[in-house]
Amino acid sequence: MYGAIEAGGTKFICGYGSGPSDIQVSTSIPTTTPKETMRRVIEFFEGRKVKATGIACFGPLELSKGRIGKLTPKLEWRGFPIQDAVEQALGCPVSLDTDVNGAALGEHLWGAAQQKDHFVYVTVGTGIGGGAMIHGQLVHGLLHPEIGHMRVRRFAGDSFAGNCPVHGDCLEGLAAGPAIAERWGVAKAEELSANHLAWPMTAHYLGQMAVNLACAYSPELLILGGGIALRPGMIDMIRQSAKQEMNGYAPLPKIVKAKLGSRAGVLGALALAKFRKASGKR
Ligand SMILES: [Zn+2]
């Protein structure tokens, strides 16, 4: 059996099992301070023997040091050595990677990307984040891809400044749920009606993302998850926008829905444990 820790910005979920069919999960543990949250995480694993554990973590991460990066908006967690902390508490090897790289590996093992070695997974919800697999390996490079912060061209007439605290109008600053809500003056993007201009505008931005990813990685698949991407009709609009933007130059990936749904985080962590493909410190 393996351990899984979905370390999210608002909640942690722990899991114990070998795959989607037998995983047992904890109740949701609020992300407060490392001390309090980790105490409850360790408690979940008491009496459960695990061969290895994976952590699919919010970022940015300092993967080579196994810790949470200094730029995370979660002040209490800046620099927290989460990989060592779990390794010491559970006495087993621990893999650390981003939540989205975990989810990408989970889709590869059990979801939409089975038998696919070249694909990109992107979730579009309260933020935009993605992970890429090339030749069966998760892409890490200097750090890890930050697909949500790529730059895109403006939709005609969109004068919203963007709400990314670092870049303003990067992709996430224009097309994630909170950006859409702020642009149109509503509490939640979901309140906007199905025929609101917000949706073709969002599809325009996500279509450009698909083109950028196709130009950079030539993936076979683009797997989309998250509440915004999975709205009815959105994937079709993204396909149309991507086709228009690419203008026939290079093949576009097949754009499909993520299959792991709300379990992407915890199953991603389990996948990291089982296949040790994460890039945290060794
Ligand atoms: Zn940004």
# chains A, B, ... in the order shown; residues from 1 in each chain; ligands from 1
$ residues_around --residues "Gln88 (chain A)" --least-positions-apart "6" --cutoff "12 Å" --atoms "only C-alpha atoms" --output "PyMOL selection string"
chain A and resi 38+42+53+81-82+94
$ select_by_dssp --residues "region 37-246 of chain A" --states "alpha helix (DSSP H)" --output "mmCIF file with N, CA and C atoms, in the first residue's frame"
data_model
loop_
_atom_site.group_PDB
_atom_site.id
_atom_site.type_symbol
_atom_site.label_atom_id
_atom_site.label_comp_id
_atom_site.auth_asym_id
_atom_site.auth_seq_id
_atom_site.Cartn_x
_atom_site.Cartn_y
_atom_site.Cartn_z
ATOM 1 N N THR A 37 -1.619 21.472 10.547
ATOM 2 C CA THR A 37 -2.057 20.658 9.405
ATOM 3 C C THR A 37 -1.270 19.354 9.345
ATOM 4 N N MET A 38 0.059 19.428 9.515
ATOM 5 C CA MET A 38 0.879 18.221 9.415
ATOM 6 C C MET A 38 0.561 17.248 10.550
ATOM 7 N N ARG A 39 0.208 17.766 11.726
ATOM 8 C CA ARG A 39 -0.162 16.883 12.842
ATOM 9 C C ARG A 39 -1.352 16.002 12.432
ATOM 10 N N ARG A 40 -2.327 16.620 11.782
ATOM 11 C CA ARG A 40 -3.512 15.862 11.371
ATOM 12 C C ARG A 40 -3.210 14.920 10.212
ATOM 13 N N VAL A 41 -2.285 15.303 9.356
ATOM 14 C CA VAL A 41 -1.870 14.432 8.241
ATOM 15 C C VAL A 41 -1.208 13.176 8.810
ATOM 16 N N ILE A 42 -0.272 13.373 9.734
ATOM 17 C CA ILE A 42 0.465 12.243 10.316
ATOM 18 C C ILE A 42 -0.503 11.315 11.052
ATOM 19 N N GLU A 43 -1.468 11.919 11.739
ATOM 20 C CA GLU A 43 -2.481 11.156 12.471
ATOM 21 C C GLU A 43 -3.209 10.164 11.550
ATOM 22 N N PHE A 44 -3.500 10.605 10.321
ATOM 23 C CA PHE A 44 -4.214 9.741 9.373
ATOM 24 C C PHE A 44 -3.415 8.471 9.078
ATOM 25 N N PHE A 45 -2.089 8.597 9.046
ATOM 26 C CA PHE A 45 -1.267 7.444 8.665
ATOM 27 C C PHE A 45 -0.909 6.541 9.851
ATOM 28 N N ILE A 82 8.528 20.230 3.353
ATOM 29 C CA ILE A 82 7.429 19.260 3.473
ATOM 30 C C ILE A 82 7.886 17.829 3.167
ATOM 31 N N GLN A 83 8.839 17.688 2.244
ATOM 32 C CA GLN A 83 9.285 16.331 1.890
ATOM 33 C C GLN A 83 9.990 15.665 3.080
ATOM 34 N N ASP A 84 10.942 16.370 3.697
ATOM 35 C CA ASP A 84 11.643 15.836 4.878
ATOM 36 C C ASP A 84 10.669 15.592 6.031
ATOM 37 N N ALA A 85 9.761 16.510 6.231
ATOM 38 C CA ALA A 85 8.835 16.397 7.360
ATOM 39 C C ALA A 85 8.026 15.104 7.246
ATOM 40 N N VAL A 86 7.557 14.796 6.044
ATOM 41 C CA VAL A 86 6.745 13.579 5.862
ATOM 42 C C VAL A 86 7.639 12.333 5.935
ATOM 43 N N GLU A 87 8.829 12.442 5.346
ATOM 44 C CA GLU A 87 9.757 11.315 5.354
ATOM 45 C C GLU A 87 10.097 10.922 6.792
ATOM 46 N N GLN A 88 10.387 11.911 7.616
ATOM 47 C CA GLN A 88 10.734 11.628 9.015
ATOM 48 C C GLN A 88 9.550 11.054 9.776
ATOM 49 N N ALA A 89 8.388 11.609 9.561
ATOM 50 C CA ALA A 89 7.220 11.160 10.323
ATOM 51 C C ALA A 89 6.768 9.761 9.912
ATOM 52 N N LEU A 90 6.826 9.450 8.623
ATOM 53 C CA LEU A 90 6.298 8.154 8.176
ATOM 54 C C LEU A 90 7.383 7.100 7.970
ATOM 55 N N ASP A 99 0.952 19.746 -7.653
ATOM 56 C CA ASP A 99 -0.369 19.110 -7.734
ATOM 57 C C ASP A 99 -0.725 18.772 -9.185
ATOM 58 N N VAL A 100 -0.360 19.659 -10.106
ATOM 59 C CA VAL A 100 -0.726 19.416 -11.509
ATOM 60 C C VAL A 100 0.161 18.362 -12.175
ATOM 61 N N ASN A 101 1.425 18.288 -11.789
ATOM 62 C CA ASN A 101 2.248 17.192 -12.311
ATOM 63 C C ASN A 101 1.717 15.865 -11.770
ATOM 64 N N GLY A 102 1.313 15.847 -10.506
ATOM 65 C CA GLY A 102 0.701 14.644 -9.933
ATOM 66 C C GLY A 102 -0.534 14.255 -10.721
ATOM 67 N N ALA A 103 -1.401 15.232 -10.959
ATOM 68 C CA ALA A 103 -2.645 14.950 -11.689
ATOM 69 C C ALA A 103 -2.346 14.437 -13.096
ATOM 70 N N ALA A 104 -1.313 15.003 -13.733
ATOM 71 C CA ALA A 104 -0.939 14.542 -15.082
ATOM 72 C C ALA A 104 -0.523 13.071 -15.023
ATOM 73 N N LEU A 105 0.289 12.725 -14.037
ATOM 74 C CA LEU A 105 0.722 11.326 -13.901
ATOM 75 C C LEU A 105 -0.473 10.414 -13.589
ATOM 76 N N GLY A 106 -1.383 10.911 -12.767
ATOM 77 C CA GLY A 106 -2.604 10.152 -12.464
ATOM 78 C C GLY A 106 -3.431 9.891 -13.723
ATOM 79 N N GLU A 107 -3.560 10.911 -14.579
ATOM 80 C CA GLU A 107 -4.310 10.726 -15.836
ATOM 81 C C GLU A 107 -3.593 9.718 -16.738
ATOM 82 N N HIS A 108 -2.263 9.718 -16.681
ATOM 83 C CA HIS A 108 -1.472 8.786 -17.491
ATOM 84 C C HIS A 108 -1.699 7.340 -17.035
ATOM 85 N N LEU A 109 -1.778 7.147 -15.738
ATOM 86 C CA LEU A 109 -1.919 5.784 -15.205
ATOM 87 C C LEU A 109 -3.347 5.270 -15.256
ATOM 88 N N TRP A 110 -4.281 6.156 -14.898
ATOM 89 C CA TRP A 110 -5.640 5.672 -14.676
ATOM 90 C C TRP A 110 -6.725 6.459 -15.408
ATOM 91 N N LEU A 171 -2.191 34.569 -18.563
ATOM 92 C CA LEU A 171 -3.360 33.716 -18.812
ATOM 93 C C LEU A 171 -4.248 33.572 -17.571
ATOM 94 N N GLU A 172 -3.640 33.228 -16.438
ATOM 95 C CA GLU A 172 -4.420 33.064 -15.206
ATOM 96 C C GLU A 172 -5.092 34.376 -14.797
ATOM 97 N N GLY A 173 -4.380 35.475 -15.004
ATOM 98 C CA GLY A 173 -4.916 36.787 -14.646
ATOM 99 C C GLY A 173 -6.079 37.218 -15.521
ATOM 100 N N LEU A 174 -6.272 36.535 -16.663
ATOM 101 C CA LEU A 174 -7.372 36.879 -17.570
ATOM 102 C C LEU A 174 -8.467 35.818 -17.630
ATOM 103 N N ALA A 175 -8.102 34.541 -17.380
ATOM 104 C CA ALA A 175 -9.057 33.477 -17.724
ATOM 105 C C ALA A 175 -9.407 32.515 -16.591
ATOM 106 N N GLY A 177 -11.202 31.505 -12.931
ATOM 107 C CA GLY A 177 -12.504 31.876 -12.370
ATOM 108 C C GLY A 177 -12.513 33.245 -11.698
ATOM 109 N N PRO A 178 -11.577 33.527 -10.772
ATOM 110 C CA PRO A 178 -11.603 34.821 -10.086
ATOM 111 C C PRO A 178 -11.385 36.007 -11.025
ATOM 112 N N ALA A 179 -10.607 35.818 -12.096
ATOM 113 C CA ALA A 179 -10.394 36.902 -13.056
ATOM 114 C C ALA A 179 -11.699 37.196 -13.797
ATOM 115 N N ILE A 180 -12.385 36.137 -14.198
ATOM 116 C CA ILE A 180 -13.659 36.309 -14.915
ATOM 117 C C ILE A 180 -14.662 37.028 -14.011
ATOM 118 N N ALA A 181 -14.724 36.589 -12.744
ATOM 119 C CA ALA A 181 -15.667 37.200 -11.800
ATOM 120 C C ALA A 181 -15.355 38.683 -11.603
ATOM 121 N N GLU A 182 -14.070 39.004 -11.448
ATOM 122 C CA GLU A 182 -13.690 40.397 -11.215
ATOM 123 C C GLU A 182 -13.983 41.265 -12.443
ATOM 124 N N ARG A 183 -13.683 40.731 -13.621
ATOM 125 C CA ARG A 183 -13.908 41.503 -14.853
ATOM 126 C C ARG A 183 -15.376 41.887 -15.006
ATOM 127 N N TRP A 184 -16.267 40.949 -14.665
ATOM 128 C CA TRP A 184 -17.690 41.188 -14.911
ATOM 129 C C TRP A 184 -18.442 41.603 -13.657
ATOM 130 N N ALA A 198 -18.478 36.454 -21.544
ATOM 131 C CA ALA A 198 -17.348 35.929 -20.755
ATOM 132 C C ALA A 198 -16.854 34.592 -21.301
ATOM 133 N N TRP A 199 -17.749 33.769 -21.799
ATOM 134 C CA TRP A 199 -17.348 32.392 -22.149
ATOM 135 C C TRP A 199 -16.590 32.308 -23.464
ATOM 136 N N PRO A 200 -17.088 32.952 -24.559
ATOM 137 C CA PRO A 200 -16.228 32.957 -25.756
ATOM 138 C C PRO A 200 -14.894 33.673 -25.510
ATOM 139 N N MET A 201 -14.906 34.692 -24.646
ATOM 140 C CA MET A 201 -13.661 35.394 -24.337
ATOM 141 C C MET A 201 -12.688 34.448 -23.627
ATOM 142 N N THR A 202 -13.190 33.708 -22.674
ATOM 143 C CA THR A 202 -12.345 32.749 -21.941
ATOM 144 C C THR A 202 -11.841 31.663 -22.887
ATOM 145 N N ALA A 203 -12.726 31.199 -23.770
ATOM 146 C CA ALA A 203 -12.330 30.172 -24.745
ATOM 147 C C ALA A 203 -11.246 30.707 -25.676
ATOM 148 N N HIS A 204 -11.328 31.995 -26.005
ATOM 149 C CA HIS A 204 -10.309 32.626 -26.851
ATOM 150 C C HIS A 204 -8.936 32.525 -26.167
ATOM 151 N N TYR A 205 -8.901 32.825 -24.867
ATOM 152 C CA TYR A 205 -7.625 32.752 -24.140
ATOM 153 C C TYR A 205 -7.140 31.305 -24.013
ATOM 154 N N LEU A 206 -8.052 30.404 -23.733
ATOM 155 C CA LEU A 206 -7.632 29.004 -23.547
ATOM 156 C C LEU A 206 -7.273 28.359 -24.892
ATOM 157 N N GLY A 207 -7.889 28.832 -25.958
ATOM 158 C CA GLY A 207 -7.531 28.352 -27.300
ATOM 159 C C GLY A 207 -6.098 28.752 -27.636
ATOM 160 N N GLN A 208 -5.730 29.993 -27.257
ATOM 161 C CA GLN A 208 -4.335 30.424 -27.479
ATOM 162 C C GLN A 208 -3.376 29.587 -26.658
ATOM 163 N N MET A 209 -3.793 29.249 -25.447
ATOM 164 C CA MET A 209 -2.955 28.373 -24.624
ATOM 165 C C MET A 209 -2.719 27.046 -25.348
ATOM 166 N N ALA A 210 -3.801 26.488 -25.917
ATOM 167 C CA ALA A 210 -3.674 25.205 -26.630
ATOM 168 C C ALA A 210 -2.690 25.341 -27.793
ATOM 169 N N VAL A 211 -2.758 26.472 -28.509
ATOM 170 C CA VAL A 211 -1.841 26.702 -29.627
ATOM 171 C C VAL A 211 -0.401 26.824 -29.113
ATOM 172 N N ASN A 212 -0.211 27.594 -28.050
ATOM 173 C CA ASN A 212 1.142 27.757 -27.487
ATOM 174 C C ASN A 212 1.707 26.406 -27.060
ATOM 175 N N LEU A 213 0.872 25.590 -26.418
ATOM 176 C CA LEU A 213 1.346 24.274 -25.961
ATOM 177 C C LEU A 213 1.668 23.383 -27.158
ATOM 178 N N ALA A 214 0.829 23.465 -28.192
ATOM 179 C CA ALA A 214 1.080 22.659 -29.394
ATOM 180 C C ALA A 214 2.386 23.098 -30.066
ATOM 181 N N CYS A 215 2.612 24.406 -30.115
ATOM 182 C CA CYS A 215 3.837 24.910 -30.744
ATOM 183 C C CYS A 215 5.075 24.512 -29.934
ATOM 184 N N ALA A 216 4.954 24.485 -28.612
ATOM 185 C CA ALA A 216 6.119 24.198 -27.773
ATOM 186 C C ALA A 216 6.389 22.701 -27.616
ATOM 187 N N TYR A 217 5.342 21.899 -27.447
ATOM 188 C CA TYR A 217 5.537 20.488 -27.075
ATOM 189 C C TYR A 217 5.010 19.479 -28.090
ATOM 190 N N MET A 234 -17.728 24.473 -23.267
ATOM 191 C CA MET A 234 -16.457 25.205 -23.243
ATOM 192 C C MET A 234 -15.387 24.516 -24.080
ATOM 193 N N ILE A 235 -15.267 23.201 -23.956
ATOM 194 C CA ILE A 235 -14.192 22.517 -24.684
ATOM 195 C C ILE A 235 -14.379 22.690 -26.196
ATOM 196 N N ASP A 236 -15.631 22.648 -26.664
ATOM 197 C CA ASP A 236 -15.885 22.869 -28.091
ATOM 198 C C ASP A 236 -15.437 24.261 -28.528
ATOM 199 N N MET A 237 -15.739 25.257 -27.696
ATOM 200 C CA MET A 237 -15.338 26.631 -28.035
ATOM 201 C C MET A 237 -13.816 26.762 -28.030
ATOM 202 N N ILE A 238 -13.159 26.079 -27.109
ATOM 203 C CA ILE A 238 -11.686 26.132 -27.044
ATOM 204 C C ILE A 238 -11.100 25.492 -28.313
ATOM 205 N N ARG A 239 -11.675 24.365 -28.728
ATOM 206 C CA ARG A 239 -11.216 23.699 -29.963
ATOM 207 C C ARG A 239 -11.315 24.649 -31.151
ATOM 208 N N GLN A 240 -12.470 25.329 -31.255
ATOM 209 C CA GLN A 240 -12.681 26.262 -32.380
ATOM 210 C C GLN A 240 -11.679 27.397 -32.353
ATOM 211 N N SER A 241 -11.487 27.957 -31.160
ATOM 212 C CA SER A 241 -10.553 29.081 -31.028
ATOM 213 C C SER A 241 -9.131 28.634 -31.370
ATOM 214 N N ALA A 242 -8.748 27.435 -30.907
ATOM 215 C CA ALA A 242 -7.400 26.931 -31.175
ATOM 216 C C ALA A 242 -7.197 26.733 -32.680
ATOM 217 N N LYS A 243 -8.222 26.193 -33.318
ATOM 218 C CA LYS A 243 -8.127 25.925 -34.750
ATOM 219 C C LYS A 243 -7.918 27.225 -35.529
ATOM 220 N N GLN A 244 -8.690 28.228 -35.147
ATOM 221 C CA GLN A 244 -8.603 29.532 -35.784
ATOM 222 C C GLN A 244 -7.225 30.164 -35.563
ATOM 223 N N GLU A 245 -6.745 30.114 -34.330
ATOM 224 C CA GLU A 245 -5.459 30.734 -33.992
ATOM 225 C C GLU A 245 -4.279 30.008 -34.652
ATOM 226 N N MET A 246 -4.374 28.688 -34.748
ATOM 227 C CA MET A 246 -3.271 27.918 -35.337
ATOM 228 C C MET A 246 -3.212 28.117 -36.844
#
$ closest_atom_pairs --of "chain A" --to "ligand 1" --cutoff "8 Å" --atoms "only C-alpha atoms and all ligand atoms" --output "Markdown table"
| residue | atom | partner | partner_atom_place_in_ligand_line | distance |
| --- | --- | --- | --- | --- |
| A:Gly148 | CA | ligand 1 | 1 (Zn) | 6.8 |
| A:His149 | CA | ligand 1 | 1 (Zn) | 4.1 |
| A:Met150 | CA | ligand 1 | 1 (Zn) | 7.2 |
| A:Cys164 | CA | ligand 1 | 1 (Zn) | 4.7 |
| A:Pro165 | CA | ligand 1 | 1 (Zn) | 6.8 |
| A:Val166 | CA | ligand 1 | 1 (Zn) | 5.3 |
| A:His167 | CA | ligand 1 | 1 (Zn) | 4.4 |
| A:Gly168 | CA | ligand 1 | 1 (Zn) | 6.3 |
| A:Asp169 | CA | ligand 1 | 1 (Zn) | 6.9 |
| A:Cys170 | CA | ligand 1 | 1 (Zn) | 4.8 |
| A:Leu171 | CA | ligand 1 | 1 (Zn) | 6.8 |
| A:Glu172 | CA | ligand 1 | 1 (Zn) | 5.9 |
| A:Gly173 | CA | ligand 1 | 1 (Zn) | 6.0 |
$ atom_distance --atom1 "CA of Phe119 (chain A)" --atom2 "CA of Ala7 (chain A)"
23.6 Å
$ atom_distance --atom1 "CA of Glu76 (chain A)" --atom2 "CA of Ala176 (chain A)"
24.8 Å
$ closest_residue --among "A:Gln114, A:Ser64, A:Thr32, A:Ser95" --to "Ala258 (chain A)" --atoms "only C-alpha atoms"
A:Gln114
$ closest_residue --among "A:Gly226, A:Lys116, A:Pro145, A:Gly69" --to "Gly265 (chain A)" --atoms "only C-alpha atoms"
A:Gly226
$ select_by_dssp --residues "region 147-228 of chain A" --states "strand (DSSP E or B)" --output "PyMOL selection string"
chain A and resi 164+168+221-225
$ write_last_selection --atoms "N, CA and C atoms" --output "PDB file, in the first residue's frame"
ATOM      1  N   CYS A 164      -3.578  38.708 -11.922  1.00  0.00           N
ATOM      2  CA  CYS A 164      -2.450  37.956 -11.365  1.00  0.00           C
ATOM      3  C   CYS A 164      -1.617  38.950 -10.551  1.00  0.00           C
ATOM      4  N   GLY A 168      -0.306  40.605 -13.642  1.00  0.00           N
ATOM      5  CA  GLY A 168      -1.504  41.273 -14.146  1.00  0.00           C
ATOM      6  C   GLY A 168      -2.193  40.401 -15.176  1.00  0.00           C
ATOM      7  N   LEU A 221      -2.245  14.886 -26.804  1.00  0.00           N
ATOM      8  CA  LEU A 221      -3.478  15.197 -26.086  1.00  0.00           C
ATOM      9  C   LEU A 221      -3.313  16.449 -25.253  1.00  0.00           C
ATOM     10  N   LEU A 222      -4.399  17.210 -25.140  1.00  0.00           N
ATOM     11  CA  LEU A 222      -4.473  18.261 -24.122  1.00  0.00           C
ATOM     12  C   LEU A 222      -5.662  17.873 -23.247  1.00  0.00           C
ATOM     13  N   ILE A 223      -5.369  17.548 -22.005  1.00  0.00           N
ATOM     14  CA  ILE A 223      -6.426  17.121 -21.086  1.00  0.00           C
ATOM     15  C   ILE A 223      -6.815  18.317 -20.231  1.00  0.00           C
ATOM     16  N   LEU A 224      -8.085  18.663 -20.231  1.00  0.00           N
ATOM     17  CA  LEU A 224      -8.542  19.816 -19.462  1.00  0.00           C
ATOM     18  C   LEU A 224      -9.412  19.390 -18.294  1.00  0.00           C
ATOM     19  N   GLY A 225      -9.135  19.962 -17.139  1.00  0.00           N
ATOM     20  CA  GLY A 225      -9.958  19.751 -15.953  1.00  0.00           C
ATOM     21  C   GLY A 225     -10.278  21.091 -15.327  1.00  0.00           C
TER      22      GLY A 225
END
$ residues_around --residues "Gly17 (chain A)" --least-positions-apart "5" --cutoff "7 Å" --atoms "only C-alpha atoms" --output "NGL selection string"
:A and (1-3 or 22-24)
$ write_last_selection --atoms "C-alpha atoms" --output "mmCIF file, in the first residue's frame"
data_model
loop_
_atom_site.group_PDB
_atom_site.id
_atom_site.type_symbol
_atom_site.label_atom_id
_atom_site.label_comp_id
_atom_site.auth_asym_id
_atom_site.auth_seq_id
_atom_site.Cartn_x
_atom_site.Cartn_y
_atom_site.Cartn_z
ATOM 1 C CA MET A 1 0.000 0.000 0.000
ATOM 2 C CA TYR A 2 1.058 3.570 -0.701
ATOM 3 C CA GLY A 3 0.389 6.884 0.957
ATOM 4 C CA ASP A 22 -9.090 0.727 -3.267
ATOM 5 C CA ILE A 23 -7.919 4.150 -2.089
ATOM 6 C CA GLN A 24 -9.210 5.204 1.319
#
